[in-house]
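Printed here is data18.pdb (PDB, C-alpha atoms, pLDDT in the B column):
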```pdb
ATOM      1  CA  MET A   1      85.851 108.572  93.152  1.00 79.00           C
ATOM      2  CA  ALA A   2      88.145 109.067  90.180  1.00 85.00           C
ATOM      3  CA  THR A   3      90.045 112.362  90.054  1.00 86.00           C
ATOM      4  CA  VAL A   4      91.745 113.544  86.879  1.00 87.00           C
ATOM      5  CA  HIS A   5      94.652 115.941  87.491  1.00 89.00           C
ATOM      6  CA  GLY A   6      96.437 118.060  84.905  1.00 88.00           C
ATOM      7  CA  ASP A   7      96.945 121.453  83.338  1.00 84.00           C
ATOM      8  CA  TYR A   8      94.872 123.162  80.674  1.00 77.00           C
ATOM      9  CA  ASP A   9      96.435 124.282  77.395  1.00 73.00           C
ATOM     10  CA  GLN A  10      94.951 127.750  77.002  1.00 68.00           C
ATOM     11  CA  LYS A  11      96.661 128.396  73.640  1.00 68.00           C
ATOM     12  CA  ASN A  12      93.956 126.626  71.636  1.00 60.00           C
ATOM     13  CA  LYS A  13      90.845 127.750  73.489  1.00 60.00           C
ATOM     14  CA  PRO A  14      91.141 130.081  76.487  1.00 58.00           C
ATOM     15  CA  LEU A  15      88.647 129.411  79.270  1.00 59.00           C
ATOM     16  CA  PHE A  16      89.179 132.666  81.138  1.00 55.00           C
ATOM     17  CA  THR A  17      89.229 136.146  79.593  1.00 56.00           C
ATOM     18  CA  ARG A  18      90.419 138.097  82.655  1.00 55.00           C
ATOM     19  CA  GLY A  19      92.827 137.243  85.415  1.00 52.00           C
ATOM     20  CA  ALA A  20      93.888 133.968  83.834  1.00 52.00           C
ATOM     21  CA  TYR A  21      97.277 133.737  85.562  1.00 52.00           C
ATOM     22  CA  GLY A  22      97.467 130.463  87.470  1.00 52.00           C
ATOM     23  CA  LYS A  23      94.014 129.259  86.506  1.00 60.00           C
ATOM     24  CA  TYR A  24      95.347 126.868  83.898  1.00 65.00           C
ATOM     25  CA  SER A  25      97.568 124.920  86.281  1.00 71.00           C
ATOM     26  CA  ASN A  26      96.612 122.090  88.600  1.00 72.00           C
ATOM     27  CA  PHE A  27      93.160 121.482  87.149  1.00 75.00           C
ATOM     28  CA  THR A  28      91.147 118.617  88.602  1.00 81.00           C
ATOM     29  CA  THR A  29      87.814 117.069  87.859  1.00 81.00           C
ATOM     30  CA  ARG A  30      86.098 114.323  89.828  1.00 84.00           C
ATOM     31  CA  ILE A  31      83.999 111.455  88.566  1.00 82.00           C
ATOM     32  CA  GLY A  32      81.817 109.493  90.958  1.00 82.00           C
ATOM     33  CA  LEU A  33      81.943 105.746  90.494  1.00 80.00           C
ATOM     34  CA  CYS A  34      79.925 103.037  92.151  1.00 77.00           C
ATOM     35  CA  MET A  35      82.062  99.918  92.538  1.00 73.00           C
ATOM     36  CA  PRO A  36      81.790  96.797  94.643  1.00 75.00           C
ATOM     37  CA  ASN A  37      83.692  96.908  97.930  1.00 74.00           C
ATOM     38  CA  GLN A  38      86.095  94.263  96.611  1.00 77.00           C
ATOM     39  CA  CYS A  39      87.457  96.523  93.828  1.00 78.00           C
ATOM     40  CA  LYS A  40      91.005  97.814  94.053  1.00 78.00           C
ATOM     41  CA  GLU A  41      92.967 100.423  92.057  1.00 79.00           C
ATOM     42  CA  ALA A  42      94.386  97.712  89.804  1.00 83.00           C
ATOM     43  CA  ASP A  43      90.835  96.765  88.780  1.00 83.00           C
ATOM     44  CA  LEU A  44      90.225 100.305  87.513  1.00 83.00           C
ATOM     45  CA  GLU A  45      93.474 100.888  85.615  1.00 83.00           C
ATOM     46  CA  ALA A  46      91.783 100.087  82.294  1.00 84.00           C
ATOM     47  CA  MET A  47      89.513 103.096  82.860  1.00 89.00           C
ATOM     48  CA  SER A  48      92.447 105.455  83.457  1.00 91.00           C
ATOM     49  CA  GLU A  49      93.366 105.454  79.780  1.00 92.00           C
ATOM     50  CA  LYS A  50      89.824 106.524  78.847  1.00 92.00           C
ATOM     51  CA  TYR A  51      89.876 109.420  81.330  1.00 91.00           C
ATOM     52  CA  ILE A  52      93.303 110.513  80.114  1.00 93.00           C
ATOM     53  CA  ASN A  53      92.198 110.411  76.471  1.00 93.00           C
ATOM     54  CA  MET A  54      89.085 112.460  77.298  1.00 89.00           C
ATOM     55  CA  SER A  55      91.268 115.032  79.076  1.00 88.00           C
ATOM     56  CA  LEU A  56      93.678 115.284  76.160  1.00 89.00           C
ATOM     57  CA  ALA A  57      90.758 115.795  73.761  1.00 87.00           C
ATOM     58  CA  ALA A  58      89.631 118.725  75.956  1.00 82.00           C
ATOM     59  CA  ASN A  59      93.090 120.417  75.711  1.00 82.00           C
ATOM     60  CA  TRP A  60      94.474 119.220  79.056  1.00 85.00           C
ATOM     61  CA  THR A  61      98.202 118.587  79.302  1.00 88.00           C
ATOM     62  CA  ASN A  62      99.978 116.033  81.495  1.00 89.00           C
ATOM     63  CA  PRO A  63      96.785 114.374  82.773  1.00 92.00           C
ATOM     64  CA  SER A  64      96.884 111.671  85.424  1.00 93.00           C
ATOM     65  CA  VAL A  65      94.195 109.778  87.310  1.00 93.00           C
ATOM     66  CA  THR A  66      93.918 108.807  90.966  1.00 89.00           C
ATOM     67  CA  TYR A  67      91.225 106.768  92.686  1.00 88.00           C
ATOM     68  CA  ARG A  68      89.700 107.113  96.130  1.00 84.00           C
ATOM     69  CA  PHE A  69      87.519 104.427  97.662  1.00 82.00           C
ATOM     70  CA  ALA A  70      85.018 105.673 100.228  1.00 76.00           C
ATOM     71  CA  SER A  71      84.625 102.213 101.732  1.00 72.00           C
ATOM     72  CA  ARG A  72      88.373 102.043 102.381  1.00 73.00           C
ATOM     73  CA  ASP A  73      89.622 105.630 102.616  1.00 72.00           C
ATOM     74  CA  ASP A  74      86.766 107.125 104.654  1.00 69.00           C
ATOM     75  CA  THR A  75      86.868 104.215 107.066  1.00 65.00           C
ATOM     76  CA  ALA A  76      90.611 104.762 107.541  1.00 54.00           C
ATOM     77  CA  LEU A  77      90.017 108.450 108.311  1.00 55.00           C
ATOM     78  CA  MET A  78      87.391 107.591 110.922  1.00 58.00           C
ATOM     79  CA  SER A  79      89.609 105.043 112.691  1.00 54.00           C
TER
END
```

When written as structure tokens, how does the structure in this file appear?
Amino acid sequence: MATVHGDYDQKNKPLFTRGAYGKYSNFTTRIGLCMPNQCKEADLEAMSEKYINMSLAANWTNPSVTYRFASRDDTALMS
């Protein structure tokens, strides 16, 4: 799972017309990925730039990307 974190720049195109306070901060979106079990974060770093560029094009500010591997992270939670 790739998660893009950031804020939304409401100046150009507001998403919310009422009660917008706080809704533009700490945005996230998740992208499901199917990768071989052998993949590590370093293998996916080339994709981070694409996700960041997509976020910037959609008026996000300060985007960053994190990765979560079900095969590794869920197994660690169950142990």

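Between atom CA of Pro36 of chain A and atom CA of Thr3 of chain A the separation is 18.2 Å.
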
Enter the distance from atom CA of Ala42 of chain A to atom CA of Leu56 of chain A, in Å, rounded to one decimal.
-> 22.3 Å

Can you list, as a count of residues only, every protein, DNA or RNA residue that comes within 7 Å of Phe27 of chain A when you count only C-alpha atoms, leaving out same-chain residues fewer than 5 positions away?
-> 4

Residue neighbourhood Met1 of chain A, 10 Å, all atoms listed in the file, exclusion window fewer than 3 positions, as an MDAnalysis selection string | chainID A and resid 4 30:35 66:70

Which residue gives the smallest distance to Ala2 of chain A among A:Asn26, A:Ser48, A:Ser55, A:Ser71, with only C-alpha atoms counted?
-> A:Ser48

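Interatomic distance, atom CA of Asn59 of chain A against atom CA of Asp9 of chain A: 5.4 Å.
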
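Among the candidates A:Asp73, A:Asn62, A:Glu41, A:Tyr51, the residue lying nearest to Thr29 of chain A is A:Tyr51 (atoms considered: all atoms listed in the file).
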
As a CSV table (one decimal), keeping the file's coordinate frame, please: segment 31-64 of chain A completed to N, CA and C atoms.
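Result file is rebuild.csv:
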```csv
chain,number,residue,atom,x,y,z
A,31,ILE,N,85.0,112.3,89.2
A,31,ILE,CA,84.0,111.5,88.6
A,31,ILE,C,83.6,110.4,89.6
A,32,GLY,N,82.3,110.5,90.0
A,32,GLY,CA,81.8,109.5,91.0
A,32,GLY,C,81.6,108.1,90.3
A,33,LEU,N,82.1,107.1,91.0
A,33,LEU,CA,81.9,105.7,90.5
A,33,LEU,C,81.3,104.9,91.6
A,34,CYS,N,80.5,104.0,91.2
A,34,CYS,CA,79.9,103.0,92.2
A,34,CYS,C,80.5,101.7,91.8
A,35,MET,N,81.4,101.2,92.7
A,35,MET,CA,82.1,99.9,92.5
A,35,MET,C,81.8,99.0,93.7
A,36,PRO,N,81.9,97.7,93.5
A,36,PRO,CA,81.8,96.8,94.6
A,36,PRO,C,82.9,97.0,95.6
A,37,ASN,N,82.7,96.7,96.9
A,37,ASN,CA,83.7,96.9,97.9
A,37,ASN,C,85.0,96.1,97.6
A,38,GLN,N,84.9,95.1,96.9
A,38,GLN,CA,86.1,94.3,96.6
A,38,GLN,C,87.0,94.9,95.6
A,39,CYS,N,86.6,95.9,94.9
A,39,CYS,CA,87.5,96.5,93.8
A,39,CYS,C,88.7,97.2,94.4
A,40,LYS,N,89.7,97.2,93.7
A,40,LYS,CA,91.0,97.8,94.1
A,40,LYS,C,91.4,98.7,92.9
A,41,GLU,N,92.5,99.5,93.1
A,41,GLU,CA,93.0,100.4,92.1
A,41,GLU,C,93.3,99.6,90.8
A,42,ALA,N,94.0,98.5,91.0
A,42,ALA,CA,94.4,97.7,89.8
A,42,ALA,C,93.2,97.3,88.9
A,43,ASP,N,92.0,97.1,89.5
A,43,ASP,CA,90.8,96.8,88.8
A,43,ASP,C,90.4,97.9,87.9
A,44,LEU,N,90.7,99.1,88.2
A,44,LEU,CA,90.2,100.3,87.5
A,44,LEU,C,91.2,100.9,86.5
A,45,GLU,N,92.4,100.3,86.5
A,45,GLU,CA,93.5,100.9,85.6
A,45,GLU,C,93.1,101.0,84.2
A,46,ALA,N,92.2,100.0,83.7
A,46,ALA,CA,91.8,100.1,82.3
A,46,ALA,C,91.0,101.3,82.0
A,47,MET,N,90.3,101.9,83.0
A,47,MET,CA,89.5,103.1,82.9
A,47,MET,C,90.4,104.3,82.8
A,48,SER,N,91.6,104.3,83.4
A,48,SER,CA,92.4,105.5,83.5
A,48,SER,C,92.8,106.0,82.1
A,49,GLU,N,93.0,105.1,81.1
A,49,GLU,CA,93.4,105.5,79.8
A,49,GLU,C,92.2,106.2,79.1
A,50,LYS,N,91.0,105.8,79.4
A,50,LYS,CA,89.8,106.5,78.8
A,50,LYS,C,89.7,107.9,79.4
A,51,TYR,N,89.9,108.1,80.7
A,51,TYR,CA,89.9,109.4,81.3
A,51,TYR,C,91.0,110.3,80.8
A,52,ILE,N,92.2,109.7,80.6
A,52,ILE,CA,93.3,110.5,80.1
A,52,ILE,C,93.0,110.9,78.7
A,53,ASN,N,92.5,110.1,77.9
A,53,ASN,CA,92.2,110.4,76.5
A,53,ASN,C,91.1,111.5,76.4
A,54,MET,N,90.1,111.4,77.3
A,54,MET,CA,89.1,112.5,77.3
A,54,MET,C,89.7,113.8,77.7
A,55,SER,N,90.6,113.8,78.6
A,55,SER,CA,91.3,115.0,79.1
A,55,SER,C,92.1,115.6,77.9
A,56,LEU,N,92.9,114.8,77.3
A,56,LEU,CA,93.7,115.3,76.2
A,56,LEU,C,92.8,115.9,75.1
A,57,ALA,N,91.7,115.3,74.8
A,57,ALA,CA,90.8,115.8,73.8
A,57,ALA,C,90.2,117.2,74.2
A,58,ALA,N,90.2,117.4,75.5
A,58,ALA,CA,89.6,118.7,76.0
A,58,ALA,C,90.8,119.7,76.2
A,59,ASN,N,91.9,119.5,75.6
A,59,ASN,CA,93.1,120.4,75.7
A,59,ASN,C,93.8,120.4,77.1
A,60,TRP,N,93.7,119.3,77.8
A,60,TRP,CA,94.5,119.2,79.1
A,60,TRP,C,95.9,118.7,78.7
A,61,THR,N,96.8,119.1,79.5
A,61,THR,CA,98.2,118.6,79.3
A,61,THR,C,98.6,117.8,80.6
A,62,ASN,N,99.4,116.8,80.4
A,62,ASN,CA,100.0,116.0,81.5
A,62,ASN,C,98.9,115.5,82.4
A,63,PRO,N,97.8,114.9,81.9
A,63,PRO,CA,96.8,114.4,82.8
A,63,PRO,C,97.2,113.1,83.5
A,64,SER,N,96.7,112.9,84.7
A,64,SER,CA,96.9,111.7,85.4
A,64,SER,C,95.6,111.4,86.2
```
